[in-house]
file run.txt (compact mmCIF, N, CA and C atoms)
# COMPACT_ATOMS: atom_id res chain seq x y z
N MET A 12 -21.01 -53.57 -11.02
CA MET A 12 -22.25 -53.34 -10.33
C MET A 12 -22.11 -53.72 -8.86
N PHE A 13 -21.45 -54.85 -8.61
CA PHE A 13 -21.25 -55.28 -7.22
C PHE A 13 -20.45 -54.23 -6.45
N GLN A 14 -19.40 -53.69 -7.11
CA GLN A 14 -18.58 -52.69 -6.44
C GLN A 14 -19.40 -51.47 -6.08
N SER A 15 -20.28 -51.07 -6.99
CA SER A 15 -21.13 -49.92 -6.73
C SER A 15 -22.06 -50.19 -5.55
N ALA A 16 -22.64 -51.39 -5.53
CA ALA A 16 -23.53 -51.75 -4.42
C ALA A 16 -22.75 -51.81 -3.11
N MET A 17 -21.53 -52.35 -3.16
CA MET A 17 -20.70 -52.46 -1.96
C MET A 17 -20.34 -51.07 -1.45
N ARG A 18 -19.96 -50.19 -2.37
CA ARG A 18 -19.60 -48.83 -1.97
C ARG A 18 -20.79 -48.14 -1.32
N SER A 19 -21.99 -48.30 -1.92
CA SER A 19 -23.19 -47.71 -1.33
C SER A 19 -23.43 -48.26 0.06
N SER A 20 -23.25 -49.57 0.20
CA SER A 20 -23.43 -50.21 1.49
C SER A 20 -22.44 -49.67 2.51
N LEU A 21 -21.17 -49.54 2.11
CA LEU A 21 -20.16 -49.02 3.02
C LEU A 21 -20.44 -47.57 3.40
N LEU A 22 -20.85 -46.78 2.41
CA LEU A 22 -21.14 -45.38 2.69
C LEU A 22 -22.34 -45.26 3.63
N LEU A 23 -23.35 -46.10 3.41
CA LEU A 23 -24.52 -46.09 4.28
C LEU A 23 -24.12 -46.50 5.69
N HIS A 24 -23.29 -47.54 5.81
CA HIS A 24 -22.82 -48.00 7.11
C HIS A 24 -22.04 -46.90 7.81
N ARG A 25 -21.10 -46.30 7.07
CA ARG A 25 -20.29 -45.22 7.65
C ARG A 25 -21.18 -44.06 8.07
N SER A 26 -22.17 -43.73 7.23
CA SER A 26 -23.07 -42.64 7.55
C SER A 26 -23.90 -42.95 8.79
N THR A 27 -24.39 -44.18 8.87
CA THR A 27 -25.19 -44.59 10.03
C THR A 27 -24.36 -44.55 11.30
N VAL A 28 -23.16 -45.12 11.24
CA VAL A 28 -22.28 -45.11 12.40
C VAL A 28 -21.91 -43.68 12.76
N SER A 29 -21.56 -42.91 11.74
CA SER A 29 -21.15 -41.53 11.98
C SER A 29 -22.28 -40.72 12.62
N SER A 30 -23.51 -40.88 12.11
CA SER A 30 -24.61 -40.10 12.69
C SER A 30 -24.93 -40.55 14.11
N SER A 31 -24.77 -41.83 14.40
CA SER A 31 -25.02 -42.27 15.76
C SER A 31 -23.94 -41.77 16.71
N LEU A 32 -22.73 -41.57 16.20
CA LEU A 32 -21.65 -41.07 17.03
C LEU A 32 -21.80 -39.59 17.34
N ARG A 33 -22.45 -38.86 16.44
CA ARG A 33 -22.63 -37.43 16.67
C ARG A 33 -23.40 -37.15 17.95
N SER A 34 -24.26 -38.06 18.34
CA SER A 34 -25.03 -37.84 19.55
C SER A 34 -24.29 -38.26 20.81
N LYS A 35 -23.15 -38.90 20.65
CA LYS A 35 -22.38 -39.35 21.80
C LYS A 35 -21.63 -38.17 22.43
N PRO A 36 -21.37 -38.23 23.72
CA PRO A 36 -20.75 -37.10 24.41
C PRO A 36 -19.23 -37.00 24.23
N PHE A 37 -18.61 -37.73 23.26
CA PHE A 37 -17.17 -37.66 23.13
C PHE A 37 -16.73 -36.37 22.43
N ARG A 38 -17.64 -35.63 21.84
CA ARG A 38 -17.28 -34.40 21.15
C ARG A 38 -16.76 -33.38 22.16
N ARG A 39 -15.65 -32.75 21.80
CA ARG A 39 -15.09 -31.75 22.72
C ARG A 39 -14.97 -30.39 22.08
N PHE A 40 -15.60 -30.21 20.94
CA PHE A 40 -15.63 -28.93 20.27
C PHE A 40 -14.24 -28.46 19.86
N LEU A 41 -13.78 -29.03 18.81
CA LEU A 41 -12.48 -28.74 18.23
C LEU A 41 -12.36 -27.25 17.92
N SER A 42 -11.23 -26.66 18.29
CA SER A 42 -11.03 -25.24 18.04
C SER A 42 -10.93 -24.98 16.54
N GLN A 43 -11.27 -23.78 16.14
CA GLN A 43 -11.18 -23.42 14.71
C GLN A 43 -9.74 -23.54 14.22
N GLU A 44 -8.78 -23.20 15.08
CA GLU A 44 -7.37 -23.30 14.70
C GLU A 44 -6.98 -24.76 14.43
N SER A 45 -7.39 -25.65 15.32
CA SER A 45 -7.08 -27.07 15.13
C SER A 45 -7.79 -27.63 13.91
N ARG A 46 -9.04 -27.23 13.73
CA ARG A 46 -9.82 -27.68 12.56
C ARG A 46 -9.13 -27.22 11.27
N ALA A 47 -8.66 -25.98 11.25
CA ALA A 47 -7.98 -25.44 10.06
C ALA A 47 -6.67 -26.20 9.79
N LYS A 48 -5.94 -26.54 10.84
CA LYS A 48 -4.69 -27.30 10.67
C LYS A 48 -4.96 -28.68 10.09
N ILE A 49 -6.00 -29.34 10.60
CA ILE A 49 -6.34 -30.68 10.07
C ILE A 49 -6.80 -30.56 8.63
N GLN A 50 -7.63 -29.57 8.33
CA GLN A 50 -8.10 -29.37 6.95
C GLN A 50 -6.93 -29.14 6.01
N ALA A 51 -5.97 -28.34 6.43
CA ALA A 51 -4.77 -28.11 5.61
C ALA A 51 -3.98 -29.39 5.43
N ALA A 52 -3.89 -30.19 6.48
CA ALA A 52 -3.14 -31.45 6.39
C ALA A 52 -3.77 -32.42 5.41
N ILE A 53 -5.09 -32.54 5.41
CA ILE A 53 -5.73 -33.52 4.53
C ILE A 53 -5.80 -33.07 3.08
N THR A 54 -5.54 -31.79 2.84
CA THR A 54 -5.56 -31.32 1.46
C THR A 54 -4.16 -31.08 0.90
N GLU A 55 -3.15 -31.18 1.74
CA GLU A 55 -1.78 -30.94 1.28
C GLU A 55 -1.27 -32.05 0.36
N TYR A 56 -1.70 -33.28 0.63
CA TYR A 56 -1.29 -34.45 -0.16
C TYR A 56 -2.53 -35.19 -0.61
N PRO A 57 -2.47 -35.86 -1.76
CA PRO A 57 -3.64 -36.62 -2.23
C PRO A 57 -4.04 -37.76 -1.28
N VAL A 58 -3.07 -38.41 -0.65
CA VAL A 58 -3.36 -39.51 0.28
C VAL A 58 -2.75 -39.17 1.63
N VAL A 59 -3.62 -39.14 2.66
CA VAL A 59 -3.17 -38.83 4.01
C VAL A 59 -3.73 -39.89 4.94
N VAL A 60 -2.87 -40.36 5.83
CA VAL A 60 -3.31 -41.30 6.85
C VAL A 60 -2.87 -40.79 8.22
N PHE A 61 -3.82 -40.79 9.13
CA PHE A 61 -3.53 -40.48 10.53
C PHE A 61 -3.44 -41.83 11.22
N MET A 62 -2.29 -42.10 11.82
CA MET A 62 -2.03 -43.43 12.34
C MET A 62 -1.27 -43.37 13.65
N LYS A 63 -1.15 -44.52 14.28
CA LYS A 63 -0.31 -44.64 15.47
C LYS A 63 1.05 -45.13 15.00
N GLY A 64 2.05 -44.31 15.19
CA GLY A 64 3.38 -44.60 14.68
C GLY A 64 3.56 -43.98 13.31
N ASN A 65 4.49 -44.55 12.54
CA ASN A 65 4.73 -44.05 11.19
C ASN A 65 4.82 -45.26 10.25
N PRO A 66 4.81 -45.04 8.94
CA PRO A 66 4.80 -46.18 8.02
C PRO A 66 5.97 -47.15 8.21
N GLU A 67 7.10 -46.64 8.63
CA GLU A 67 8.26 -47.51 8.85
C GLU A 67 8.18 -48.26 10.18
N ASP A 68 7.41 -47.73 11.13
CA ASP A 68 7.31 -48.33 12.45
C ASP A 68 5.90 -48.11 13.02
N PRO A 69 4.90 -48.80 12.46
CA PRO A 69 3.53 -48.66 12.97
C PRO A 69 3.45 -49.16 14.41
N MET A 70 2.66 -48.48 15.23
CA MET A 70 2.58 -48.82 16.65
C MET A 70 1.29 -49.56 17.02
N CYS A 71 0.50 -49.95 16.01
CA CYS A 71 -0.67 -50.80 16.28
C CYS A 71 -0.96 -51.61 15.02
N GLY A 72 -1.63 -52.72 15.21
CA GLY A 72 -1.90 -53.62 14.11
C GLY A 72 -2.82 -53.02 13.06
N PHE A 73 -3.77 -52.20 13.46
CA PHE A 73 -4.68 -51.58 12.50
C PHE A 73 -3.93 -50.58 11.61
N SER A 74 -3.05 -49.78 12.23
CA SER A 74 -2.23 -48.85 11.45
C SER A 74 -1.30 -49.63 10.51
N ARG A 75 -0.71 -50.70 11.01
CA ARG A 75 0.16 -51.54 10.20
C ARG A 75 -0.61 -52.08 8.99
N GLY A 76 -1.85 -52.51 9.21
CA GLY A 76 -2.66 -53.05 8.12
C GLY A 76 -2.93 -52.03 7.04
N VAL A 77 -3.30 -50.81 7.43
CA VAL A 77 -3.57 -49.76 6.43
C VAL A 77 -2.30 -49.42 5.66
N VAL A 78 -1.18 -49.32 6.35
CA VAL A 78 0.10 -49.03 5.67
C VAL A 78 0.44 -50.15 4.69
N LYS A 79 0.22 -51.39 5.10
CA LYS A 79 0.51 -52.52 4.23
C LYS A 79 -0.36 -52.49 2.97
N ILE A 80 -1.64 -52.19 3.15
CA ILE A 80 -2.55 -52.07 2.01
C ILE A 80 -2.09 -50.96 1.08
N LEU A 81 -1.81 -49.79 1.63
CA LEU A 81 -1.39 -48.66 0.79
C LEU A 81 -0.07 -48.95 0.07
N SER A 82 0.81 -49.72 0.72
CA SER A 82 2.11 -50.01 0.10
C SER A 82 1.97 -50.87 -1.15
N THR A 83 0.87 -51.59 -1.28
CA THR A 83 0.69 -52.43 -2.48
C THR A 83 0.47 -51.58 -3.73
N PHE A 84 0.14 -50.32 -3.57
CA PHE A 84 -0.15 -49.46 -4.71
C PHE A 84 1.04 -48.63 -5.16
N ASP A 85 2.16 -48.72 -4.47
CA ASP A 85 3.34 -47.93 -4.83
C ASP A 85 3.00 -46.45 -5.04
N ILE A 86 2.35 -45.87 -4.06
CA ILE A 86 1.98 -44.46 -4.12
C ILE A 86 3.26 -43.63 -4.04
N PRO A 87 3.48 -42.73 -5.01
CA PRO A 87 4.69 -41.90 -4.97
C PRO A 87 4.76 -41.09 -3.68
N PRO A 88 5.96 -40.94 -3.11
CA PRO A 88 6.11 -40.21 -1.84
C PRO A 88 5.54 -38.80 -1.86
N GLU A 89 5.58 -38.14 -3.01
CA GLU A 89 5.06 -36.78 -3.08
C GLU A 89 3.52 -36.73 -3.05
N LYS A 90 2.89 -37.90 -3.08
CA LYS A 90 1.43 -37.97 -3.03
C LYS A 90 0.92 -38.61 -1.74
N PHE A 91 1.81 -38.83 -0.77
CA PHE A 91 1.42 -39.53 0.45
C PHE A 91 2.03 -38.86 1.68
N LYS A 92 1.22 -38.74 2.72
CA LYS A 92 1.71 -38.20 3.99
C LYS A 92 1.03 -38.95 5.13
N ALA A 93 1.83 -39.34 6.12
CA ALA A 93 1.32 -39.99 7.32
C ALA A 93 1.59 -39.10 8.52
N TYR A 94 0.62 -39.02 9.41
CA TYR A 94 0.76 -38.26 10.65
C TYR A 94 0.66 -39.22 11.83
N ASP A 95 1.64 -39.14 12.72
CA ASP A 95 1.68 -39.97 13.91
C ASP A 95 0.90 -39.28 15.02
N VAL A 96 -0.28 -39.81 15.32
CA VAL A 96 -1.12 -39.18 16.34
C VAL A 96 -0.60 -39.39 17.75
N LEU A 97 0.33 -40.32 17.92
CA LEU A 97 0.89 -40.55 19.25
C LEU A 97 1.84 -39.43 19.67
N ARG A 98 2.30 -38.65 18.71
CA ARG A 98 3.20 -37.54 19.00
C ARG A 98 2.46 -36.26 19.38
N ASP A 99 1.14 -36.23 19.18
CA ASP A 99 0.39 -35.00 19.39
C ASP A 99 -1.00 -35.35 19.92
N ALA A 100 -1.21 -35.15 21.22
CA ALA A 100 -2.49 -35.50 21.86
C ALA A 100 -3.65 -34.71 21.26
N GLU A 101 -3.41 -33.46 20.91
CA GLU A 101 -4.47 -32.64 20.30
C GLU A 101 -4.89 -33.21 18.95
N LEU A 102 -3.92 -33.63 18.17
CA LEU A 102 -4.24 -34.24 16.87
C LEU A 102 -4.96 -35.56 17.07
N ARG A 103 -4.51 -36.34 18.03
CA ARG A 103 -5.10 -37.66 18.27
C ARG A 103 -6.59 -37.55 18.60
N SER A 104 -6.96 -36.62 19.45
CA SER A 104 -8.37 -36.47 19.78
C SER A 104 -9.09 -35.61 18.74
N GLY A 105 -8.39 -34.63 18.19
CA GLY A 105 -9.00 -33.72 17.23
C GLY A 105 -9.41 -34.38 15.94
N ILE A 106 -8.61 -35.30 15.44
CA ILE A 106 -8.94 -35.95 14.17
C ILE A 106 -10.21 -36.78 14.30
N LYS A 107 -10.44 -37.33 15.47
CA LYS A 107 -11.65 -38.11 15.70
C LYS A 107 -12.90 -37.23 15.64
N GLU A 108 -12.80 -36.05 16.21
CA GLU A 108 -13.93 -35.13 16.15
C GLU A 108 -14.09 -34.57 14.74
N PHE A 109 -12.99 -34.26 14.10
CA PHE A 109 -13.02 -33.70 12.75
C PHE A 109 -13.78 -34.61 11.79
N SER A 110 -13.46 -35.90 11.84
CA SER A 110 -14.06 -36.87 10.93
C SER A 110 -15.36 -37.46 11.45
N GLU A 111 -15.61 -37.24 12.74
CA GLU A 111 -16.73 -37.89 13.42
C GLU A 111 -16.60 -39.41 13.31
N TRP A 112 -15.37 -39.88 13.45
CA TRP A 112 -15.05 -41.31 13.41
C TRP A 112 -14.18 -41.60 14.62
N PRO A 113 -14.53 -42.59 15.44
CA PRO A 113 -13.89 -42.74 16.74
C PRO A 113 -12.55 -43.47 16.78
N THR A 114 -12.12 -44.00 15.67
CA THR A 114 -10.90 -44.82 15.71
C THR A 114 -9.80 -44.30 14.80
N ILE A 115 -8.62 -44.78 15.08
CA ILE A 115 -7.43 -44.49 14.29
C ILE A 115 -6.85 -45.85 13.91
N PRO A 116 -6.43 -46.02 12.69
CA PRO A 116 -6.08 -45.03 11.67
C PRO A 116 -7.30 -44.49 10.92
N GLN A 117 -7.04 -43.38 10.23
CA GLN A 117 -8.03 -42.76 9.36
C GLN A 117 -7.36 -42.42 8.04
N LEU A 118 -8.02 -42.81 6.96
CA LEU A 118 -7.50 -42.59 5.61
C LEU A 118 -8.31 -41.51 4.91
N TYR A 119 -7.60 -40.58 4.28
CA TYR A 119 -8.21 -39.53 3.47
C TYR A 119 -7.63 -39.59 2.07
N VAL A 120 -8.47 -39.41 1.07
CA VAL A 120 -8.02 -39.32 -0.33
C VAL A 120 -8.61 -38.04 -0.91
N ASN A 121 -7.72 -37.19 -1.40
CA ASN A 121 -8.10 -35.88 -1.95
C ASN A 121 -9.00 -35.10 -0.99
N GLY A 122 -8.63 -35.10 0.28
CA GLY A 122 -9.35 -34.32 1.27
C GLY A 122 -10.62 -34.94 1.79
N GLU A 123 -11.00 -36.10 1.26
CA GLU A 123 -12.24 -36.77 1.67
C GLU A 123 -11.93 -37.93 2.59
N PHE A 124 -12.66 -38.04 3.67
CA PHE A 124 -12.50 -39.15 4.60
C PHE A 124 -12.97 -40.44 3.93
N VAL A 125 -12.11 -41.44 3.90
CA VAL A 125 -12.45 -42.74 3.32
C VAL A 125 -12.95 -43.67 4.41
N GLY A 126 -12.19 -43.79 5.49
CA GLY A 126 -12.60 -44.65 6.59
C GLY A 126 -11.43 -45.09 7.42
N GLY A 127 -11.72 -46.00 8.32
CA GLY A 127 -10.69 -46.58 9.17
C GLY A 127 -10.15 -47.86 8.55
N SER A 128 -9.54 -48.67 9.38
CA SER A 128 -8.89 -49.87 8.85
C SER A 128 -9.90 -50.86 8.28
N ASP A 129 -11.07 -50.98 8.89
CA ASP A 129 -12.05 -51.94 8.40
C ASP A 129 -12.57 -51.58 7.01
N ILE A 130 -12.89 -50.33 6.80
CA ILE A 130 -13.39 -49.89 5.50
C ILE A 130 -12.27 -49.93 4.47
N THR A 131 -11.07 -49.53 4.86
CA THR A 131 -9.93 -49.58 3.95
C THR A 131 -9.69 -51.02 3.49
N LEU A 132 -9.72 -51.97 4.41
CA LEU A 132 -9.53 -53.37 4.06
C LEU A 132 -10.64 -53.86 3.14
N SER A 133 -11.86 -53.54 3.44
CA SER A 133 -12.99 -53.96 2.61
C SER A 133 -12.87 -53.39 1.19
N MET A 134 -12.55 -52.11 1.09
CA MET A 134 -12.40 -51.48 -0.22
C MET A 134 -11.22 -52.07 -0.99
N PHE A 135 -10.17 -52.45 -0.29
CA PHE A 135 -9.02 -53.08 -0.93
C PHE A 135 -9.43 -54.43 -1.52
N LYS A 136 -10.15 -55.22 -0.74
CA LYS A 136 -10.56 -56.55 -1.18
C LYS A 136 -11.47 -56.51 -2.40
N THR A 137 -12.33 -55.50 -2.48
CA THR A 137 -13.27 -55.41 -3.59
C THR A 137 -12.69 -54.69 -4.81
N GLY A 138 -11.53 -54.06 -4.64
CA GLY A 138 -10.93 -53.30 -5.74
C GLY A 138 -11.34 -51.84 -5.74
N GLU A 139 -12.23 -51.46 -4.84
CA GLU A 139 -12.71 -50.08 -4.80
C GLU A 139 -11.62 -49.09 -4.42
N LEU A 140 -10.70 -49.50 -3.56
CA LEU A 140 -9.64 -48.58 -3.15
C LEU A 140 -8.73 -48.28 -4.33
N GLU A 141 -8.38 -49.29 -5.08
CA GLU A 141 -7.56 -49.07 -6.28
C GLU A 141 -8.27 -48.14 -7.26
N THR A 142 -9.55 -48.38 -7.48
CA THR A 142 -10.33 -47.53 -8.37
C THR A 142 -10.36 -46.09 -7.87
N LEU A 143 -10.57 -45.91 -6.58
CA LEU A 143 -10.58 -44.57 -5.99
C LEU A 143 -9.25 -43.86 -6.22
N LEU A 144 -8.15 -44.56 -5.97
CA LEU A 144 -6.83 -43.97 -6.16
C LEU A 144 -6.57 -43.66 -7.63
N GLU A 145 -7.04 -44.51 -8.53
CA GLU A 145 -6.89 -44.25 -9.96
C GLU A 145 -7.72 -43.04 -10.39
N GLU A 146 -8.97 -42.99 -9.94
CA GLU A 146 -9.87 -41.89 -10.31
C GLU A 146 -9.35 -40.54 -9.86
N HIS A 147 -8.61 -40.52 -8.77
CA HIS A 147 -8.07 -39.25 -8.25
C HIS A 147 -6.64 -39.00 -8.71
N GLY A 148 -6.15 -39.82 -9.63
CA GLY A 148 -4.82 -39.59 -10.20
C GLY A 148 -3.67 -39.88 -9.26
N VAL A 149 -3.93 -40.62 -8.21
CA VAL A 149 -2.87 -40.95 -7.25
C VAL A 149 -1.96 -42.02 -7.84
N ILE A 150 -2.56 -42.99 -8.49
CA ILE A 150 -1.81 -44.06 -9.17
C ILE A 150 -2.31 -44.15 -10.60
N PRO A 151 -1.48 -44.64 -11.51
CA PRO A 151 -1.94 -44.78 -12.89
C PRO A 151 -2.99 -45.88 -13.00
N LYS A 152 -3.87 -45.72 -13.98
CA LYS A 152 -4.87 -46.76 -14.21
C LYS A 152 -4.16 -48.03 -14.66
N ALA A 153 -4.61 -49.15 -14.12
CA ALA A 153 -4.00 -50.44 -14.45
C ALA A 153 -4.28 -50.75 -15.91
N SER A 154 -3.23 -51.11 -16.63
CA SER A 154 -3.44 -51.50 -18.03
C SER A 154 -4.02 -52.90 -18.03
N GLY A 155 -4.91 -53.14 -18.97
CA GLY A 155 -5.53 -54.44 -19.07
C GLY A 155 -6.69 -54.64 -18.12
N SER A 156 -7.20 -53.53 -17.54
CA SER A 156 -8.34 -53.67 -16.66
C SER A 156 -9.59 -53.96 -17.49
N LEU A 157 -10.60 -54.52 -16.88
CA LEU A 157 -11.82 -54.91 -17.58
C LEU A 157 -12.50 -53.73 -18.22
N SER A 158 -12.39 -52.56 -17.65
CA SER A 158 -13.05 -51.39 -18.20
C SER A 158 -12.45 -50.93 -19.52
N GLN A 159 -11.24 -51.40 -19.83
CA GLN A 159 -10.60 -51.00 -21.08
C GLN A 159 -10.79 -52.03 -22.18
N SER A 160 -11.47 -53.13 -21.89
CA SER A 160 -11.66 -54.19 -22.87
C SER A 160 -12.65 -53.80 -23.91
call {"tool": "encode", "arguments": {"input": "run.txt", "output": "structure tokens"}}
result
Amino acid sequence: MFQSAMRSSLLLHRSTVSSSLRSKPFRRFLSQESRAKIQAAITEYPVVVFMKGNPEDPMCGFSRGVVKILSTFDIPPEKFKAYDVLRDAELRSGIKEFSEWPTIPQLYVNGEFVGGSDITLSMFKTGELETLLEEHGVIPKASGSLSQS
């Protein structure tokens, strides 16, 4: 029940922040071509992270934190893809407009925006991230979980 309440709270927070950002002038009207490329990228793999650097060499502490969290789940390589936004200025600015979220890193699961480093960390601490990855078949369900008792 707590997890459900926490998820609702996080979604409401993300929605509130996201809607307030829509009115900000940072939008630059992402081209349809760029939007299509990002959409293809987030649906190509079950777990996608847009970050500064790469998982082996993160270039910021927030990206490093998300990579460290994701590494605890032993996500198979065929289910995970990371994009280095520092290598592509269009991607770096475009992903922010695409998600209507102003910061990087950004985590997507099964094509859905999960959040940045703060939301990823919060969901990790509450167990929601593990549940989300299990529900989408990214990782196997933990044996001996309370739901199986």
call {"tool": "residues_around", "arguments": {"input": "run.txt", "residues": "Gly76 of chain A", "least_positions_apart": "4", "cutoff": "8 Å", "atoms": "only N, CA and C atoms", "output": "PyMOL selection string"}}
result
chain A and resi 69+71-72+80-82+128+131-132
call {"tool": "write_last_selection", "arguments": {"input": "run.txt", "atoms": "N, CA and C atoms", "output": "compact mmCIF listing (two decimals), in the frame of the given file"}}
result
# COMPACT_ATOMS: atom_id res chain seq x y z
N PRO A 69 4.90 -48.80 12.46
CA PRO A 69 3.53 -48.66 12.97
C PRO A 69 3.45 -49.16 14.41
N CYS A 71 0.50 -49.95 16.01
CA CYS A 71 -0.67 -50.80 16.28
C CYS A 71 -0.96 -51.61 15.02
N GLY A 72 -1.63 -52.72 15.21
CA GLY A 72 -1.90 -53.62 14.11
C GLY A 72 -2.82 -53.02 13.06
N ILE A 80 -1.64 -52.19 3.15
CA ILE A 80 -2.55 -52.07 2.01
C ILE A 80 -2.09 -50.96 1.08
N LEU A 81 -1.81 -49.79 1.63
CA LEU A 81 -1.39 -48.66 0.79
C LEU A 81 -0.07 -48.95 0.07
N SER A 82 0.81 -49.72 0.72
CA SER A 82 2.11 -50.01 0.10
C SER A 82 1.97 -50.87 -1.15
N SER A 128 -9.54 -48.67 9.38
CA SER A 128 -8.89 -49.87 8.85
C SER A 128 -9.90 -50.86 8.28
N THR A 131 -11.07 -49.53 4.86
CA THR A 131 -9.93 -49.58 3.95
C THR A 131 -9.69 -51.02 3.49
N LEU A 132 -9.72 -51.97 4.41
CA LEU A 132 -9.53 -53.37 4.06
C LEU A 132 -10.64 -53.86 3.14
call {"tool": "residues_near_point", "arguments": {"input": "run.txt", "point": "(-11.6, -32.3, 9.3)", "cutoff": "7 Å", "atoms": "all atoms listed in the file", "output": "PyMOL selection string"}}
result
chain A and resi 46+49-50+106+108-110
call {"tool": "write_last_selection", "arguments": {"input": "run.txt", "atoms": "N, CA and C atoms", "output": "PDB file, keeping the file's coordinate frame"}}
result
ATOM      1  N   ARG A  46      -9.040 -27.230  13.730  1.00  0.00           N
ATOM      2  CA  ARG A  46      -9.820 -27.680  12.560  1.00  0.00           C
ATOM      3  C   ARG A  46      -9.130 -27.220  11.270  1.00  0.00           C
ATOM      4  N   ILE A  49      -6.000 -29.340  10.600  1.00  0.00           N
ATOM      5  CA  ILE A  49      -6.340 -30.680  10.070  1.00  0.00           C
ATOM      6  C   ILE A  49      -6.800 -30.560   8.630  1.00  0.00           C
ATOM      7  N   GLN A  50      -7.630 -29.570   8.330  1.00  0.00           N
ATOM      8  CA  GLN A  50      -8.100 -29.370   6.950  1.00  0.00           C
ATOM      9  C   GLN A  50      -6.930 -29.140   6.010  1.00  0.00           C
ATOM     10  N   ILE A 106      -8.610 -35.300  15.440  1.00  0.00           N
ATOM     11  CA  ILE A 106      -8.940 -35.950  14.170  1.00  0.00           C
ATOM     12  C   ILE A 106     -10.210 -36.780  14.300  1.00  0.00           C
ATOM     13  N   GLU A 108     -12.800 -36.050  16.210  1.00  0.00           N
ATOM     14  CA  GLU A 108     -13.930 -35.130  16.150  1.00  0.00           C
ATOM     15  C   GLU A 108     -14.090 -34.570  14.740  1.00  0.00           C
ATOM     16  N   PHE A 109     -12.990 -34.260  14.100  1.00  0.00           N
ATOM     17  CA  PHE A 109     -13.020 -33.700  12.750  1.00  0.00           C
ATOM     18  C   PHE A 109     -13.780 -34.610  11.790  1.00  0.00           C
ATOM     19  N   SER A 110     -13.460 -35.900  11.840  1.00  0.00           N
ATOM     20  CA  SER A 110     -14.060 -36.870  10.930  1.00  0.00           C
ATOM     21  C   SER A 110     -15.360 -37.460  11.450  1.00  0.00           C
TER      22      SER A 110
END
call {"tool": "closest_residue", "arguments": {"input": "run.txt", "among": "A:Pro88, A:Gly122, A:Gly105, A:Pro116", "to": "Ile53 of chain A", "atoms": "all atoms listed in the file"}}
result
A:Gly122
call {"tool": "atom_distance", "arguments": {"input": "run.txt", "atom1": "atom N of Phe61 of chain A", "atom2": "atom N of Leu144 of chain A"}}
result
16.2 Å
call {"tool": "atom_distance", "arguments": {"input": "run.txt", "atom1": "atom CA of Ser74 of chain A", "atom2": "atom CA of Leu41 of chain A"}}
result
23.6 Å
call {"tool": "closest_residue", "arguments": {"input": "run.txt", "among": "A:Met62, A:Ile130, A:Met70, A:Val149", "to": "Phe84 of chain A", "atoms": "only C-alpha atoms"}}
result
A:Val149
call {"tool": "closest_residue", "arguments": {"input": "run.txt", "among": "A:Pro151, A:Pro66, A:Ser104, A:Glu123", "to": "Thr54 of chain A", "atoms": "only N, CA and C atoms"}}
result
A:Glu123
call {"tool": "select_by_dssp", "arguments": {"input": "run.txt", "residues": "segment 81-129 of chain A", "states": "strand (DSSP E)", "output": "list in words"}}
result
Phe91, Lys92, Ala93, Tyr94, Asp95, Gln117, Leu118, Tyr119, Val120, Glu123, Phe124, Val125 and Gly126 of chain A
call {"tool": "axis_aligned_box", "arguments": {"input": "run.txt", "around": "segment 46-51 of chain A", "padding_each_side": "6 Å", "output": "AutoDock Vina command-line options"}}
result
--center_x -6.9 --center_y -28.1 --center_z 9.6 --size_x 17.8 --size_y 17.2 --size_z 20.3
call {"tool": "atom_distance", "arguments": {"input": "run.txt", "atom1": "atom C of Glu145 of chain A", "atom2": "atom CA of Ala93 of chain A"}}
result
20.1 Å
call {"tool": "select_by_dssp", "arguments": {"input": "run.txt", "residues": "segment 67-151 of chain A", "states": "alpha helix (DSSP H)", "output": "JSON, numbers by chain"}}
result
{"A": [72, 73, 74, 75, 76, 77, 78, 79, 80, 81, 82, 100, 101, 102, 103, 104, 105, 106, 107, 108, 109, 110, 128, 129, 130, 131, 132, 133, 134, 135, 136, 137, 139, 140, 141, 142, 143, 144, 145, 146]}
call {"tool": "closest_residue", "arguments": {"input": "run.txt", "among": "A:Val77, A:Val58, A:Leu143, A:Ala47", "to": "Lys92 of chain A", "atoms": "all atoms listed in the file"}}
result
A:Val58
call {"tool": "closest_residue", "arguments": {"input": "run.txt", "among": "A:Pro87, A:Glu139, A:Pro57, A:Lys63", "to": "Ile115 of chain A", "atoms": "all atoms listed in the file"}}
result
A:Lys63
call {"tool": "build_atoms", "arguments": {"input": "run.txt", "residues": "segment 56-61 of chain A", "atoms": "N, CA, C and O atoms", "output": "PDB file, keeping the file's coordinate frame"}}
result
ATOM      1  N   TYR A  56      -1.700 -33.280   0.630  1.00  0.00           N
ATOM      2  CA  TYR A  56      -1.290 -34.450  -0.160  1.00  0.00           C
ATOM      3  C   TYR A  56      -2.530 -35.190  -0.610  1.00  0.00           C
ATOM      4  O   TYR A  56      -3.549 -35.188   0.091  1.00  0.00           O
ATOM      5  N   PRO A  57      -2.470 -35.860  -1.760  1.00  0.00           N
ATOM      6  CA  PRO A  57      -3.640 -36.620  -2.230  1.00  0.00           C
ATOM      7  C   PRO A  57      -4.040 -37.760  -1.280  1.00  0.00           C
ATOM      8  O   PRO A  57      -5.212 -38.064  -1.137  1.00  0.00           O
ATOM      9  N   VAL A  58      -3.070 -38.410  -0.650  1.00  0.00           N
ATOM     10  CA  VAL A  58      -3.360 -39.510   0.280  1.00  0.00           C
ATOM     11  C   VAL A  58      -2.750 -39.170   1.630  1.00  0.00           C
ATOM     12  O   VAL A  58      -1.548 -38.923   1.734  1.00  0.00           O
ATOM     13  N   VAL A  59      -3.620 -39.140   2.660  1.00  0.00           N
ATOM     14  CA  VAL A  59      -3.170 -38.830   4.010  1.00  0.00           C
ATOM     15  C   VAL A  59      -3.730 -39.890   4.940  1.00  0.00           C
ATOM     16  O   VAL A  59      -4.901 -40.257   4.860  1.00  0.00           O
ATOM     17  N   VAL A  60      -2.870 -40.360   5.830  1.00  0.00           N
ATOM     18  CA  VAL A  60      -3.310 -41.300   6.850  1.00  0.00           C
ATOM     19  C   VAL A  60      -2.870 -40.790   8.220  1.00  0.00           C
ATOM     20  O   VAL A  60      -1.745 -40.335   8.394  1.00  0.00           O
ATOM     21  N   PHE A  61      -3.820 -40.790   9.130  1.00  0.00           N
ATOM     22  CA  PHE A  61      -3.530 -40.480  10.530  1.00  0.00           C
ATOM     23  C   PHE A  61      -3.440 -41.830  11.220  1.00  0.00           C
ATOM     24  O   PHE A  61      -4.384 -42.624  11.162  1.00  0.00           O
TER      25      PHE A  61
END
